[in-house]
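Data file: protein28.cif. Format and content: mmCIF, C-alpha atoms.
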```
data_run
#
loop_
_atom_site.label_atom_id
_atom_site.label_comp_id
_atom_site.auth_asym_id
_atom_site.auth_seq_id
_atom_site.Cartn_x
_atom_site.Cartn_y
_atom_site.Cartn_z
CA MET A 13 51.54 -21.15 -24.26
CA ARG A 14 49.71 -18.66 -22.03
CA SER A 15 52.67 -18.38 -19.69
CA LYS A 16 54.92 -17.66 -22.67
CA ARG A 17 52.62 -14.84 -23.83
CA ARG A 18 52.55 -13.38 -20.34
CA SER A 19 56.34 -13.51 -20.23
CA MET A 20 56.59 -11.71 -23.59
CA ALA A 21 54.10 -9.08 -22.42
CA LYS A 22 56.19 -8.39 -19.33
CA LYS A 23 59.33 -8.04 -21.46
CA THR A 24 57.67 -5.60 -23.87
CA THR A 25 55.99 -3.46 -21.19
CA LEU A 26 57.65 -0.03 -21.12
CA PRO A 27 58.61 1.69 -17.87
CA GLN A 28 56.19 4.43 -16.84
CA GLU A 29 58.82 7.16 -17.36
CA THR A 30 59.56 5.96 -20.90
CA LEU A 31 55.88 5.69 -21.80
CA THR A 32 55.23 9.19 -20.44
CA ASP A 33 58.18 10.59 -22.39
CA ILE A 34 56.97 9.00 -25.64
CA LEU A 35 53.35 10.09 -25.27
CA SER A 36 54.30 13.64 -24.24
CA ARG A 37 55.82 14.12 -27.69
CA LEU A 38 52.57 13.32 -29.52
CA PRO A 39 50.06 15.92 -30.80
CA ILE A 40 46.70 16.34 -29.07
CA LYS A 41 44.80 14.62 -31.87
CA SER A 42 46.80 11.41 -31.40
CA LEU A 43 46.52 11.54 -27.61
CA THR A 44 42.75 11.92 -27.84
CA ARG A 45 42.62 8.62 -29.70
CA PHE A 46 44.81 6.94 -27.08
CA GLU A 47 42.36 8.03 -24.37
CA SER A 48 39.74 5.66 -25.77
CA VAL A 49 42.16 2.69 -25.93
CA SER A 50 42.28 1.96 -22.20
CA LYS A 51 41.47 3.46 -18.82
CA PRO A 52 45.16 3.47 -17.73
CA PHE A 53 46.08 5.49 -20.84
CA SER A 54 43.21 7.90 -20.20
CA ALA A 55 44.23 8.30 -16.54
CA LEU A 56 47.85 8.99 -17.54
CA ILE A 57 47.00 11.51 -20.26
CA ASN A 58 44.69 13.45 -17.93
CA SER A 59 47.03 13.43 -14.94
CA PRO A 60 48.46 16.83 -13.86
CA ASP A 61 52.08 15.66 -14.25
CA PHE A 62 51.51 14.47 -17.81
CA ILE A 63 49.58 17.62 -18.76
CA SER A 64 52.52 19.72 -17.49
CA ALA A 65 55.10 17.56 -19.29
CA HIS A 66 53.18 17.79 -22.57
CA LEU A 67 52.76 21.57 -22.18
CA ARG A 68 56.50 22.07 -21.64
CA ARG A 69 57.17 20.45 -25.01
CA SER A 70 54.34 22.07 -26.95
CA SER A 71 55.23 25.55 -25.62
CA ARG A 72 58.33 25.49 -27.81
CA HIS A 73 56.10 25.46 -30.90
CA PHE A 74 53.60 28.30 -30.55
CA THR A 75 51.30 29.49 -33.29
CA PHE A 76 48.86 32.42 -33.54
CA PHE A 77 45.15 32.60 -32.77
CA ILE A 78 43.52 35.37 -34.79
CA ARG A 79 40.14 37.07 -34.94
CA HIS A 80 39.47 38.72 -38.32
CA PHE A 81 36.96 41.51 -38.99
CA HIS A 82 35.47 41.56 -42.49
CA ASN A 83 33.18 44.59 -42.10
CA PRO A 84 33.36 47.85 -40.11
CA SER A 85 30.94 46.75 -37.36
CA GLY A 86 32.73 43.44 -36.76
CA SER A 87 29.50 41.43 -37.15
CA ASN A 88 31.15 39.54 -40.02
CA PHE A 89 34.15 37.88 -38.38
CA SER A 90 36.17 34.70 -38.41
CA PHE A 91 38.83 32.91 -36.35
CA SER A 92 41.93 31.07 -37.48
CA LEU A 93 45.10 29.41 -36.25
CA THR A 94 48.14 30.11 -38.35
CA ASN A 95 51.88 29.68 -38.56
CA ASN A 96 52.96 28.28 -41.89
CA GLN A 97 49.40 27.35 -42.86
CA ALA A 98 46.05 28.93 -42.02
CA ILE A 99 43.39 26.79 -40.34
CA ASP A 100 39.84 28.06 -39.87
CA VAL A 101 38.43 27.64 -36.36
CA GLU A 102 34.71 27.48 -35.64
CA ILE A 103 33.96 28.76 -32.15
CA PRO A 104 31.55 27.03 -29.77
CA LEU A 105 28.11 28.54 -29.11
CA LEU A 106 28.33 30.41 -32.42
CA GLY A 107 24.60 30.21 -33.14
CA SER A 108 23.61 31.66 -29.76
CA LEU A 109 26.04 34.59 -29.65
CA ILE A 110 24.54 38.07 -29.54
CA ARG A 111 27.66 39.66 -31.01
CA PHE A 112 31.15 38.72 -32.09
CA PRO A 113 33.17 37.34 -29.18
CA LYS A 114 36.13 39.25 -27.81
CA ILE A 115 39.40 37.45 -27.05
CA VAL A 116 40.26 38.26 -23.44
CA GLY A 117 43.48 36.25 -23.56
CA SER A 118 45.24 33.03 -24.49
CA CYS A 119 47.35 31.09 -22.00
CA ASN A 120 48.77 27.54 -21.99
CA GLY A 121 46.26 26.31 -24.57
CA LEU A 122 43.21 27.90 -22.93
CA VAL A 123 41.46 30.78 -24.67
CA CYS A 124 39.17 33.09 -22.69
CA LEU A 125 36.33 34.68 -24.68
CA ASP A 126 34.00 37.49 -23.67
CA ILE A 127 30.70 36.55 -25.35
CA SER A 128 28.51 39.26 -23.78
CA SER A 129 26.83 42.07 -25.67
CA CYS A 130 28.49 44.69 -23.44
CA TYR A 131 30.39 45.27 -20.19
CA ALA A 132 32.03 41.81 -20.11
CA ARG A 133 29.16 39.98 -18.41
CA ALA A 134 29.67 36.46 -19.83
CA PHE A 135 32.84 34.41 -20.40
CA VAL A 136 33.84 31.07 -21.92
CA LEU A 137 37.06 29.11 -21.40
CA TRP A 138 37.90 27.13 -24.51
CA ASN A 139 40.52 24.49 -25.32
CA ILE A 140 40.60 24.52 -29.12
CA ALA A 141 42.81 21.43 -29.50
CA ARG A 142 40.67 19.25 -27.18
CA LYS A 143 37.40 20.69 -28.56
CA GLN A 144 36.15 21.51 -25.06
CA TYR A 145 34.58 24.62 -23.60
CA SER A 146 33.12 25.75 -20.29
CA CYS A 147 30.76 28.67 -19.68
CA LEU A 148 31.83 30.56 -16.56
CA PRO A 149 29.27 31.58 -13.91
CA SER A 150 28.00 35.15 -14.04
CA PRO A 151 30.27 37.78 -12.45
CA LYS A 152 29.26 39.14 -9.04
CA ILE A 153 29.62 42.88 -9.74
CA SER A 154 26.46 44.11 -11.44
CA ASP A 155 24.96 47.46 -12.41
CA SER A 156 22.61 47.22 -9.41
CA ARG A 157 25.34 49.22 -7.62
CA GLY A 158 25.09 51.95 -10.26
CA PRO A 159 25.46 52.43 -14.03
CA PHE A 160 28.63 51.02 -15.59
CA TRP A 161 30.99 53.37 -17.34
CA MET A 162 33.80 51.07 -18.46
CA VAL A 163 34.89 47.44 -17.91
CA SER A 164 38.38 46.05 -18.53
CA THR A 165 39.40 42.39 -18.38
CA GLY A 166 42.42 40.11 -18.38
CA PHE A 167 43.27 36.40 -18.36
CA GLY A 168 46.44 34.76 -17.08
CA PHE A 169 48.10 31.95 -15.16
CA ASP A 170 49.05 31.97 -11.47
CA ARG A 171 52.10 29.70 -11.49
CA GLU A 172 52.39 29.55 -7.70
CA LYS A 173 48.86 28.25 -7.18
CA ASN A 174 48.58 26.46 -10.55
CA ASP A 175 45.44 28.48 -11.26
CA TYR A 176 44.04 30.29 -14.29
CA LYS A 177 42.35 33.59 -13.47
CA VAL A 178 40.01 36.01 -15.21
CA VAL A 179 40.19 39.58 -13.88
CA ARG A 180 37.31 42.03 -14.32
CA ILE A 181 37.82 45.72 -13.44
CA VAL A 182 34.57 47.68 -13.35
CA GLY A 183 34.44 51.48 -13.42
CA PHE A 184 31.12 53.06 -12.43
CA ALA A 185 29.74 56.26 -13.90
CA CYS A 186 30.08 59.31 -11.66
CA GLU A 187 28.83 62.87 -11.54
CA LYS A 188 31.01 65.67 -12.85
CA GLY A 189 33.71 66.54 -10.34
CA GLU A 190 33.46 63.21 -8.50
CA SER A 191 36.17 60.54 -8.51
CA PRO A 192 35.21 57.38 -10.42
CA VAL A 193 34.43 54.31 -8.32
CA VAL A 194 36.33 51.17 -9.35
CA MET A 195 35.62 47.60 -8.23
CA VAL A 196 37.55 44.41 -9.05
CA GLU A 197 36.66 40.72 -9.12
CA VAL A 198 38.64 37.60 -9.99
CA PHE A 199 37.46 34.23 -11.34
CA SER A 200 39.50 31.23 -10.21
CA TRP A 201 39.75 28.17 -12.50
CA ARG A 202 40.52 25.98 -9.47
CA THR A 203 37.45 26.96 -7.45
CA GLY A 204 35.11 27.78 -10.34
CA CYS A 205 33.95 30.94 -8.53
CA TRP A 206 34.20 34.72 -8.73
CA ARG A 207 35.56 36.72 -5.77
CA VAL A 208 35.35 40.48 -5.26
CA ILE A 209 38.77 41.69 -4.08
CA ASP A 210 40.08 44.91 -2.60
CA GLY A 211 40.73 47.35 -5.44
CA ARG A 212 41.21 50.49 -3.36
CA THR A 213 44.88 50.70 -4.31
CA ILE A 214 43.80 51.48 -7.88
CA GLY A 215 42.34 54.77 -6.73
CA ALA A 216 40.64 57.09 -9.21
CA CYS A 217 42.00 55.22 -12.20
CA VAL A 218 40.72 55.15 -15.76
CA ILE A 219 41.81 52.22 -17.92
CA HIS A 220 41.76 52.95 -21.62
CA GLU A 221 38.62 51.56 -23.23
CA GLY A 222 38.74 48.20 -25.01
CA GLN A 223 41.96 47.03 -23.40
CA ASN A 224 42.69 43.50 -22.29
CA GLY A 225 45.43 42.93 -19.75
CA VAL A 226 48.76 41.81 -21.20
CA VAL A 227 50.43 38.93 -19.31
CA ILE A 228 54.09 39.55 -18.50
CA ASN A 229 56.15 37.72 -15.89
CA GLY A 230 53.22 36.58 -13.73
CA GLY A 231 51.19 39.78 -13.94
CA LEU A 232 48.49 41.47 -16.00
CA HIS A 233 49.13 45.00 -17.29
CA TRP A 234 46.85 47.76 -18.59
CA LEU A 235 47.44 51.38 -19.65
CA GLY A 236 45.70 53.79 -17.32
CA ASN A 237 45.55 57.39 -16.27
CA SER A 238 44.24 59.59 -13.49
CA ALA A 239 44.11 63.26 -12.60
CA GLY A 240 47.46 64.51 -11.33
CA LYS A 241 47.95 66.81 -8.34
CA SER A 242 48.51 69.81 -10.61
CA GLY A 243 45.33 69.11 -12.55
CA GLY A 244 47.02 67.38 -15.48
CA ILE A 245 46.63 63.77 -16.56
CA GLN A 246 48.98 61.25 -14.97
CA LYS A 247 49.72 58.28 -17.24
CA PHE A 248 50.86 54.90 -15.94
CA ILE A 249 50.69 51.13 -16.32
CA LEU A 250 48.34 49.37 -13.91
CA SER A 251 49.92 46.04 -12.95
CA PHE A 252 48.10 43.14 -11.23
CA ASP A 253 50.09 40.31 -9.64
CA LEU A 254 48.19 37.09 -10.43
CA ASN A 255 49.59 35.36 -7.34
CA THR A 256 49.26 38.00 -4.59
CA GLU A 257 46.29 39.68 -6.33
CA GLU A 258 47.73 43.10 -5.57
CA PHE A 259 47.84 46.16 -7.83
CA ARG A 260 50.62 48.67 -8.36
CA LYS A 261 51.16 51.60 -10.71
CA ILE A 262 54.23 51.83 -12.95
CA PRO A 263 55.06 55.26 -14.42
CA THR A 264 55.45 55.50 -18.19
CA PRO A 265 57.84 57.65 -20.21
CA ASP A 266 56.28 60.87 -21.47
CA PHE A 267 54.59 60.65 -24.85
CA SER A 268 52.83 63.33 -26.84
CA ALA A 269 49.42 63.48 -28.49
CA GLY A 270 49.15 61.58 -31.75
CA VAL A 271 51.28 58.70 -30.41
CA CYS A 272 49.88 55.23 -29.71
CA VAL A 273 51.30 53.00 -26.97
CA LYS A 274 51.18 49.20 -26.87
CA ILE A 275 52.18 47.11 -23.84
CA MET A 276 54.30 44.10 -24.70
CA GLY A 277 56.42 41.42 -23.06
CA PHE A 278 60.01 41.28 -24.21
CA LYS A 279 62.34 38.54 -22.99
CA GLY A 280 60.50 38.29 -19.67
CA SER A 281 60.36 42.05 -19.08
CA LEU A 282 57.67 44.68 -19.38
CA ALA A 283 58.09 46.82 -22.49
CA LEU A 284 56.25 49.56 -24.38
CA ALA A 285 56.02 50.20 -28.12
CA TYR A 286 55.43 53.83 -29.21
CA TYR A 287 54.26 54.61 -32.73
CA PRO A 288 52.29 57.36 -34.53
CA SER A 289 48.52 57.00 -34.71
CA ARG A 290 46.89 56.83 -38.11
CA GLY A 291 43.96 58.69 -39.60
CA LEU A 292 44.70 62.13 -38.14
CA VAL A 293 43.93 64.31 -41.14
CA GLY A 294 46.00 67.45 -41.39
CA ARG A 295 48.27 66.52 -38.51
CA PRO A 296 51.85 65.44 -39.26
CA ALA A 297 53.01 62.19 -37.69
CA ALA A 298 55.05 62.65 -34.51
CA THR A 299 57.53 60.06 -35.75
CA ASP A 300 58.02 57.62 -38.59
CA ARG A 301 59.40 54.89 -36.33
CA VAL A 302 58.28 52.42 -33.68
CA GLU A 303 60.23 53.07 -30.48
CA ILE A 304 60.65 50.27 -27.91
CA CYS A 305 61.33 50.89 -24.20
CA VAL A 306 61.99 48.15 -21.60
CA TRP A 307 61.27 48.46 -17.87
CA ASP A 308 63.83 47.58 -15.20
CA ASP A 309 62.34 47.14 -11.70
CA TYR A 310 65.61 48.13 -10.04
CA GLY A 311 66.66 50.92 -12.37
CA GLY A 312 69.61 50.78 -14.74
CA ALA A 313 73.17 51.94 -14.16
CA ASP A 314 72.05 55.54 -14.62
CA GLY A 315 69.12 55.11 -12.24
CA LYS A 316 66.53 55.17 -15.04
CA TYR A 317 63.80 52.54 -15.08
CA TRP A 318 63.06 52.68 -18.82
CA THR A 319 65.73 51.71 -21.36
CA LYS A 320 65.26 52.47 -25.04
CA LEU A 321 65.92 49.66 -27.52
CA ASN A 322 66.44 49.83 -31.26
CA SER A 323 63.63 51.56 -33.16
CA LEU A 324 61.85 50.09 -36.19
CA GLN A 325 61.18 51.93 -39.45
CA LEU A 326 57.44 52.09 -40.20
CA ASN A 327 57.80 52.12 -43.98
CA THR A 328 59.74 48.85 -43.79
CA LEU A 329 57.61 46.75 -41.42
CA GLY A 330 54.38 48.68 -40.84
CA TYR A 331 52.42 49.16 -37.61
CA PRO A 332 52.27 46.90 -34.51
CA VAL A 333 49.03 44.87 -34.34
CA GLY A 334 49.95 42.29 -31.72
CA VAL A 335 52.60 40.93 -29.39
CA THR A 336 53.97 37.45 -28.78
CA ASN A 337 54.90 35.91 -25.44
CA GLU A 338 58.62 36.59 -25.77
CA THR A 339 59.77 37.26 -29.31
CA GLY A 340 58.41 40.74 -29.84
CA LEU A 341 56.01 42.51 -32.16
CA ILE A 342 53.65 41.39 -34.89
CA MET A 343 53.70 44.09 -37.57
CA ARG A 344 51.11 44.75 -40.28
CA LYS A 345 52.21 46.52 -43.45
CA LEU A 346 49.81 47.86 -46.06
CA ASP A 347 51.26 47.84 -49.57
CA GLY A 348 48.62 49.08 -51.98
CA GLN A 349 45.87 46.43 -52.05
CA PHE A 350 48.07 43.86 -50.33
CA THR A 351 48.79 43.33 -46.64
CA GLN A 352 51.81 41.61 -45.14
CA PHE A 353 52.45 40.51 -41.55
CA PHE A 354 55.87 40.19 -39.92
CA LEU A 355 57.15 38.83 -36.61
CA CYS A 356 59.92 41.18 -35.48
CA ASP A 357 62.53 40.98 -32.70
CA PRO A 358 63.23 44.61 -31.66
CA SER A 359 66.57 43.76 -30.02
CA ASN A 360 68.24 42.80 -33.30
CA GLN A 361 65.60 43.93 -35.82
CA ASN A 362 65.40 40.41 -37.29
CA TYR A 363 62.01 39.62 -38.76
CA ARG A 364 60.20 36.94 -40.72
CA ARG A 365 56.98 37.01 -42.67
CA LEU A 366 53.87 35.41 -41.17
CA HIS A 367 51.26 33.65 -43.29
CA ILE A 368 48.16 35.32 -41.89
CA CYS A 369 44.93 35.45 -43.85
CA GLU A 370 44.01 39.02 -44.57
CA ALA A 371 41.13 40.71 -42.75
CA THR A 372 39.43 43.48 -44.67
CA TYR A 373 39.27 45.82 -41.69
CA SER A 374 41.25 44.63 -38.68
CA CYS A 375 42.49 41.63 -36.75
CA ASP A 376 43.26 40.66 -33.15
CA ILE A 377 46.30 38.37 -32.76
CA HIS A 378 47.31 36.24 -29.77
CA SER A 379 49.99 33.61 -29.17
CA TYR A 380 48.64 30.07 -28.84
CA VAL A 381 49.99 26.61 -27.98
CA GLU A 382 48.24 23.25 -28.01
CA SER A 383 47.73 21.74 -24.57
CA LEU A 384 45.76 19.20 -22.56
CA VAL A 385 44.81 21.72 -19.85
CA PRO A 386 41.11 21.11 -19.04
CA VAL A 387 38.71 24.03 -19.30
CA SER A 388 37.77 23.57 -15.64
CA ALA A 389 39.71 22.09 -12.74
CA GLY A 390 36.82 19.74 -11.95
CA HIS A 391 36.72 18.58 -15.60
CA ASP A 392 33.16 19.92 -15.85
CA HIS A 393 33.20 20.79 -19.51
CA ARG A 394 31.34 20.29 -22.73
CA VAL A 395 32.85 18.54 -25.71
CA ILE A 396 32.18 20.12 -29.09
CA GLU A 397 30.82 17.20 -31.08
CA GLU A 398 31.30 18.60 -34.55
CA GLU A 399 34.73 18.90 -36.18
CA VAL A 400 35.88 22.44 -35.35
CA LEU A 401 39.06 22.57 -37.39
CA SER A 402 39.06 22.44 -41.17
CA GLU A 403 42.06 23.25 -43.33
CA VAL A 404 41.71 26.17 -45.70
#
```
Translate this structure into structure tokens?
Amino acid sequence: MRSKRRSMAKKTTLPQETLTDILSRLPIKSLTRFESVSKPFSALINSPDFISAHLRRSSRHFTFFIRHFHNPSGSNFSFSLTNNQAIDVEIPLLGSLIRFPKIVGSCNGLVCLDISSCYARAFVLWNIARKQYSCLPSPKISDSRGPFWMVSTGFGFDREKNDYKVVRIVGFACEKGESPVVMVEVFSWRTGCWRVIDGRTIGACVIHEGQNGVVINGGLHWLGNSAGKSGGIQKFILSFDLNTEEFRKIPTPDFSAGVCVKIMGFKGSLALAYYPSRGLVGRPAATDRVEICVWDDYGGADGKYWTKLNSLQLNTLGYPVGVTNETGLIMRKLDGQFTQFFLCDPSNQNYRRLHICEATYSCDIHSYVESLVPVSAGHDHRVIEEEVLSEV
């Protein structure tokens, strides 16, 4: 009888490739249960090949991770995941936070939060789906070198080295007439350490306050400026290659005062969205449209590096409040007491409405996918014991 059972077990055992294919189609919640069934299942689910296979499938079905502000100071805030249905998300360490956390970035299922009171001094990597988080070690660059003036950050994935990196650009205060001193450090998910890198190529650069780097085609991008040779202000995009860890400056098209600029990724290319700023009393808007320009590294047929796409009418779709990985812009339209959000493709002007819970004052929107990527390469993480997702 025993031999018969063993024979049946052998016949019903699935090949490893088939088992991997089946499990890679399951949601994280189901896979978490399978982990406790057996050690072989747990080893498979946590293997790098399986994590990559599962991520390739889940990346086709992204949703949005949103921080809502419910008062002017931002002390009353909330987080949610949304696509067709809103789900409240309770963040880890909530009771010990000095202020509302800032979303540095979201990449392959990992969310990077800045939980410091100022100057981006403390970070957390968080996998919402797996209910895991890891507090990063303190950055190396401190104000012992001099008073901080401005700190900018970014979070992205180095595909060549299979590494997730947090970038921290620190500008020090300087006396009038002096060039600002800028230092850069990078946290590596693989090593678990910060490294100060050579940032001299940045020069006397000022990155606009409050910016997080936008990930496009393997690089982080910020809007910056510096004093030009003729005494004017030179505007550009500061680009950081996550693999080579080198900076370069990309010139921007000219834009006038009263115009806001948002960096975005569009179909794998760097793009810019131009639109009129709001709240300028007594000053007419420079335009009533959102203009989209796309960068070509090699220059187009006419030798120009920026190509203008179709523009979007503001009174139809509203103002840009976020960008997605590839599709385009997230627009927010105020209609009396009601607010609507749209996901818009600038190339064909197709759009669809998004079911995003309204924030009284503002919101910060990032693309998000579920993944099994651990919050640290050494699997040194904390599991959030309480249930962090509850349907609204």
Practice prompt. Apply the PyMOL selection byres ((chain A and resi 256) around 12) to the displayed file and report the matching residues as a ChimeraX atom specification.
Written response: /A:170-173,198,209-210,230-232,251-255,257-260
File dump, residues just selected, C-alpha atoms, as a short mmCIF file (atom, residue, chain, number, x, y, z; two decimals), in the coordinates of the input:
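That gives us selection.cif:
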```cif
data_model
loop_
_atom_site.label_atom_id
_atom_site.label_comp_id
_atom_site.auth_asym_id
_atom_site.auth_seq_id
_atom_site.Cartn_x
_atom_site.Cartn_y
_atom_site.Cartn_z
CA ASP A 170 49.05 31.97 -11.47
CA ARG A 171 52.10 29.70 -11.49
CA GLU A 172 52.39 29.55 -7.70
CA LYS A 173 48.86 28.25 -7.18
CA VAL A 198 38.64 37.60 -9.99
CA ILE A 209 38.77 41.69 -4.08
CA ASP A 210 40.08 44.91 -2.60
CA GLY A 230 53.22 36.58 -13.73
CA GLY A 231 51.19 39.78 -13.94
CA LEU A 232 48.49 41.47 -16.00
CA SER A 251 49.92 46.04 -12.95
CA PHE A 252 48.10 43.14 -11.23
CA ASP A 253 50.09 40.31 -9.64
CA LEU A 254 48.19 37.09 -10.43
CA ASN A 255 49.59 35.36 -7.34
CA GLU A 257 46.29 39.68 -6.33
CA GLU A 258 47.73 43.10 -5.57
CA PHE A 259 47.84 46.16 -7.83
CA ARG A 260 50.62 48.67 -8.36
#
```
Fill in: Ground truth for the PyMOL selection byres ((chain A and resi 160) around 12), written as a ChimeraX atom specification
/A:130-133,153-159,161-164,181-186,192-195
Discussion item. Just checking: using all atoms listed in the file, which residue out of A:Val227, A:Leu93, A:Ala98, A:Ala141 ends up closest to Leu384 of chain A?
Written reply: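 Nearest to Leu384 of chain A: A:Ala141.
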Item to complete: Select, counting only C-alpha atoms, all protein, DNA and RNA residues no farther than 10 Å from (49.4, 11.0, -19.8) in file coordinates, and express the selection as an MDAnalysis selection string.
Response: chainID A and resid 28 31:36 43 46:47 52:66 384
Prev. selection, C-alpha atoms, output as a PDB file, keeping the file's coordinate frame:
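Dumped everything to result.pdb:
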```pdb
ATOM      1  CA  GLN A  28      56.190   4.430 -16.840  1.00  0.00           C
ATOM      2  CA  LEU A  31      55.880   5.690 -21.800  1.00  0.00           C
ATOM      3  CA  THR A  32      55.230   9.190 -20.440  1.00  0.00           C
ATOM      4  CA  ASP A  33      58.180  10.590 -22.390  1.00  0.00           C
ATOM      5  CA  ILE A  34      56.970   9.000 -25.640  1.00  0.00           C
ATOM      6  CA  LEU A  35      53.350  10.090 -25.270  1.00  0.00           C
ATOM      7  CA  SER A  36      54.300  13.640 -24.240  1.00  0.00           C
ATOM      8  CA  LEU A  43      46.520  11.540 -27.610  1.00  0.00           C
ATOM      9  CA  PHE A  46      44.810   6.940 -27.080  1.00  0.00           C
ATOM     10  CA  GLU A  47      42.360   8.030 -24.370  1.00  0.00           C
ATOM     11  CA  PRO A  52      45.160   3.470 -17.730  1.00  0.00           C
ATOM     12  CA  PHE A  53      46.080   5.490 -20.840  1.00  0.00           C
ATOM     13  CA  SER A  54      43.210   7.900 -20.200  1.00  0.00           C
ATOM     14  CA  ALA A  55      44.230   8.300 -16.540  1.00  0.00           C
ATOM     15  CA  LEU A  56      47.850   8.990 -17.540  1.00  0.00           C
ATOM     16  CA  ILE A  57      47.000  11.510 -20.260  1.00  0.00           C
ATOM     17  CA  ASN A  58      44.690  13.450 -17.930  1.00  0.00           C
ATOM     18  CA  SER A  59      47.030  13.430 -14.940  1.00  0.00           C
ATOM     19  CA  PRO A  60      48.460  16.830 -13.860  1.00  0.00           C
ATOM     20  CA  ASP A  61      52.080  15.660 -14.250  1.00  0.00           C
ATOM     21  CA  PHE A  62      51.510  14.470 -17.810  1.00  0.00           C
ATOM     22  CA  ILE A  63      49.580  17.620 -18.760  1.00  0.00           C
ATOM     23  CA  SER A  64      52.520  19.720 -17.490  1.00  0.00           C
ATOM     24  CA  ALA A  65      55.100  17.560 -19.290  1.00  0.00           C
ATOM     25  CA  HIS A  66      53.180  17.790 -22.570  1.00  0.00           C
ATOM     26  CA  LEU A 384      45.760  19.200 -22.560  1.00  0.00           C
TER      27      LEU A 384
END
```
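For Phe167 of chain A, the set of protein, DNA and RNA residues having any atom at most 9 Å away, when counting all atoms listed in the file and skipping those fewer than 4 positions along the same chain, is A:Val116, A:Gly117, A:Ser118, A:Cys119, A:Val123, A:Cys124, A:Tyr176, A:Lys177, A:Val178, A:Val179, A:Asn224, A:Gly225, A:Val226, A:Val227, A:Leu232.
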Expected file: the selected residues, C-alpha atoms, as an mmCIF file, in the coordinates of the input:
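Everything below was put into out11.cif:
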```
data_model
loop_
_atom_site.group_PDB
_atom_site.id
_atom_site.type_symbol
_atom_site.label_atom_id
_atom_site.label_comp_id
_atom_site.auth_asym_id
_atom_site.auth_seq_id
_atom_site.Cartn_x
_atom_site.Cartn_y
_atom_site.Cartn_z
ATOM 1 C CA VAL A 116 40.260 38.260 -23.440
ATOM 2 C CA GLY A 117 43.480 36.250 -23.560
ATOM 3 C CA SER A 118 45.240 33.030 -24.490
ATOM 4 C CA CYS A 119 47.350 31.090 -22.000
ATOM 5 C CA VAL A 123 41.460 30.780 -24.670
ATOM 6 C CA CYS A 124 39.170 33.090 -22.690
ATOM 7 C CA TYR A 176 44.040 30.290 -14.290
ATOM 8 C CA LYS A 177 42.350 33.590 -13.470
ATOM 9 C CA VAL A 178 40.010 36.010 -15.210
ATOM 10 C CA VAL A 179 40.190 39.580 -13.880
ATOM 11 C CA ASN A 224 42.690 43.500 -22.290
ATOM 12 C CA GLY A 225 45.430 42.930 -19.750
ATOM 13 C CA VAL A 226 48.760 41.810 -21.200
ATOM 14 C CA VAL A 227 50.430 38.930 -19.310
ATOM 15 C CA LEU A 232 48.490 41.470 -16.000
#
```
Worksheet entry | Shortest interatomic distance to Ile40 of chain A - which of A:Arg72, A:Lys143, A:Arg207, A:Arg364, counting all atoms listed in the file | A:Lys143
Item to complete: Mind giving me the straight-line distance from atom CA of Pro151 of chain A to atom CA of Trp206 of chain A in Å, one decimal?
Response: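 A separation of 6.2 Å between them.
As for atom CA of Pro265 of chain A and atom CA of Phe354 of chain A, they are spaced 26.4 Å apart.
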Practice prompt. Enter the distance from atom CA of Asn83 of chain A to atom CA of Ile127 of chain A, in Å, rounded to one decimal.
Written response: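 A separation of 18.7 Å between them.
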Evaluated on this file, the PyMOL selection byres ((chain A and resi 367) around 12) picks out some residues - which ones are they, written as a PDB file with C-alpha atoms, in the coordinates of the input?
```pdb
ATOM      1  CA  THR A  75      51.300  29.490 -33.290  1.00  0.00           C
ATOM      2  CA  PHE A  76      48.860  32.420 -33.540  1.00  0.00           C
ATOM      3  CA  ILE A  78      43.520  35.370 -34.790  1.00  0.00           C
ATOM      4  CA  SER A  92      41.930  31.070 -37.480  1.00  0.00           C
ATOM      5  CA  LEU A  93      45.100  29.410 -36.250  1.00  0.00           C
ATOM      6  CA  THR A  94      48.140  30.110 -38.350  1.00  0.00           C
ATOM      7  CA  ASN A  95      51.880  29.680 -38.560  1.00  0.00           C
ATOM      8  CA  ASN A  96      52.960  28.280 -41.890  1.00  0.00           C
ATOM      9  CA  GLN A  97      49.400  27.350 -42.860  1.00  0.00           C
ATOM     10  CA  ALA A  98      46.050  28.930 -42.020  1.00  0.00           C
ATOM     11  CA  ILE A  99      43.390  26.790 -40.340  1.00  0.00           C
ATOM     12  CA  ILE A 342      53.650  41.390 -34.890  1.00  0.00           C
ATOM     13  CA  ARG A 344      51.110  44.750 -40.280  1.00  0.00           C
ATOM     14  CA  THR A 351      48.790  43.330 -46.640  1.00  0.00           C
ATOM     15  CA  GLN A 352      51.810  41.610 -45.140  1.00  0.00           C
ATOM     16  CA  PHE A 353      52.450  40.510 -41.550  1.00  0.00           C
ATOM     17  CA  PHE A 354      55.870  40.190 -39.920  1.00  0.00           C
ATOM     18  CA  LEU A 355      57.150  38.830 -36.610  1.00  0.00           C
ATOM     19  CA  ARG A 364      60.200  36.940 -40.720  1.00  0.00           C
ATOM     20  CA  ARG A 365      56.980  37.010 -42.670  1.00  0.00           C
ATOM     21  CA  LEU A 366      53.870  35.410 -41.170  1.00  0.00           C
ATOM     22  CA  ILE A 368      48.160  35.320 -41.890  1.00  0.00           C
ATOM     23  CA  CYS A 369      44.930  35.450 -43.850  1.00  0.00           C
ATOM     24  CA  GLU A 370      44.010  39.020 -44.570  1.00  0.00           C
TER      25      GLU A 370
END
```
Centre and edges of the segment 299-309 of chain A box, axis-aligned, 8 Å extra per side, as AutoDock Vina command-line options:
```
--center_x 60.7 --center_y 53.6 --center_z -25.1 --size_x 22.3 --size_y 28.9 --size_z 42.9
```
Discussion item. I need the residue nearest Gly204 of chain A from this list: A:Asp266, A:Ser388, A:Gly277, A:Val335. Use all atoms listed in the file for the distance.
Written reply: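 Checking each of A:Asp266, A:Ser388, A:Gly277, A:Val335 against Gly204 of chain A, counting all atoms listed in the file, the winner is A:Ser388.
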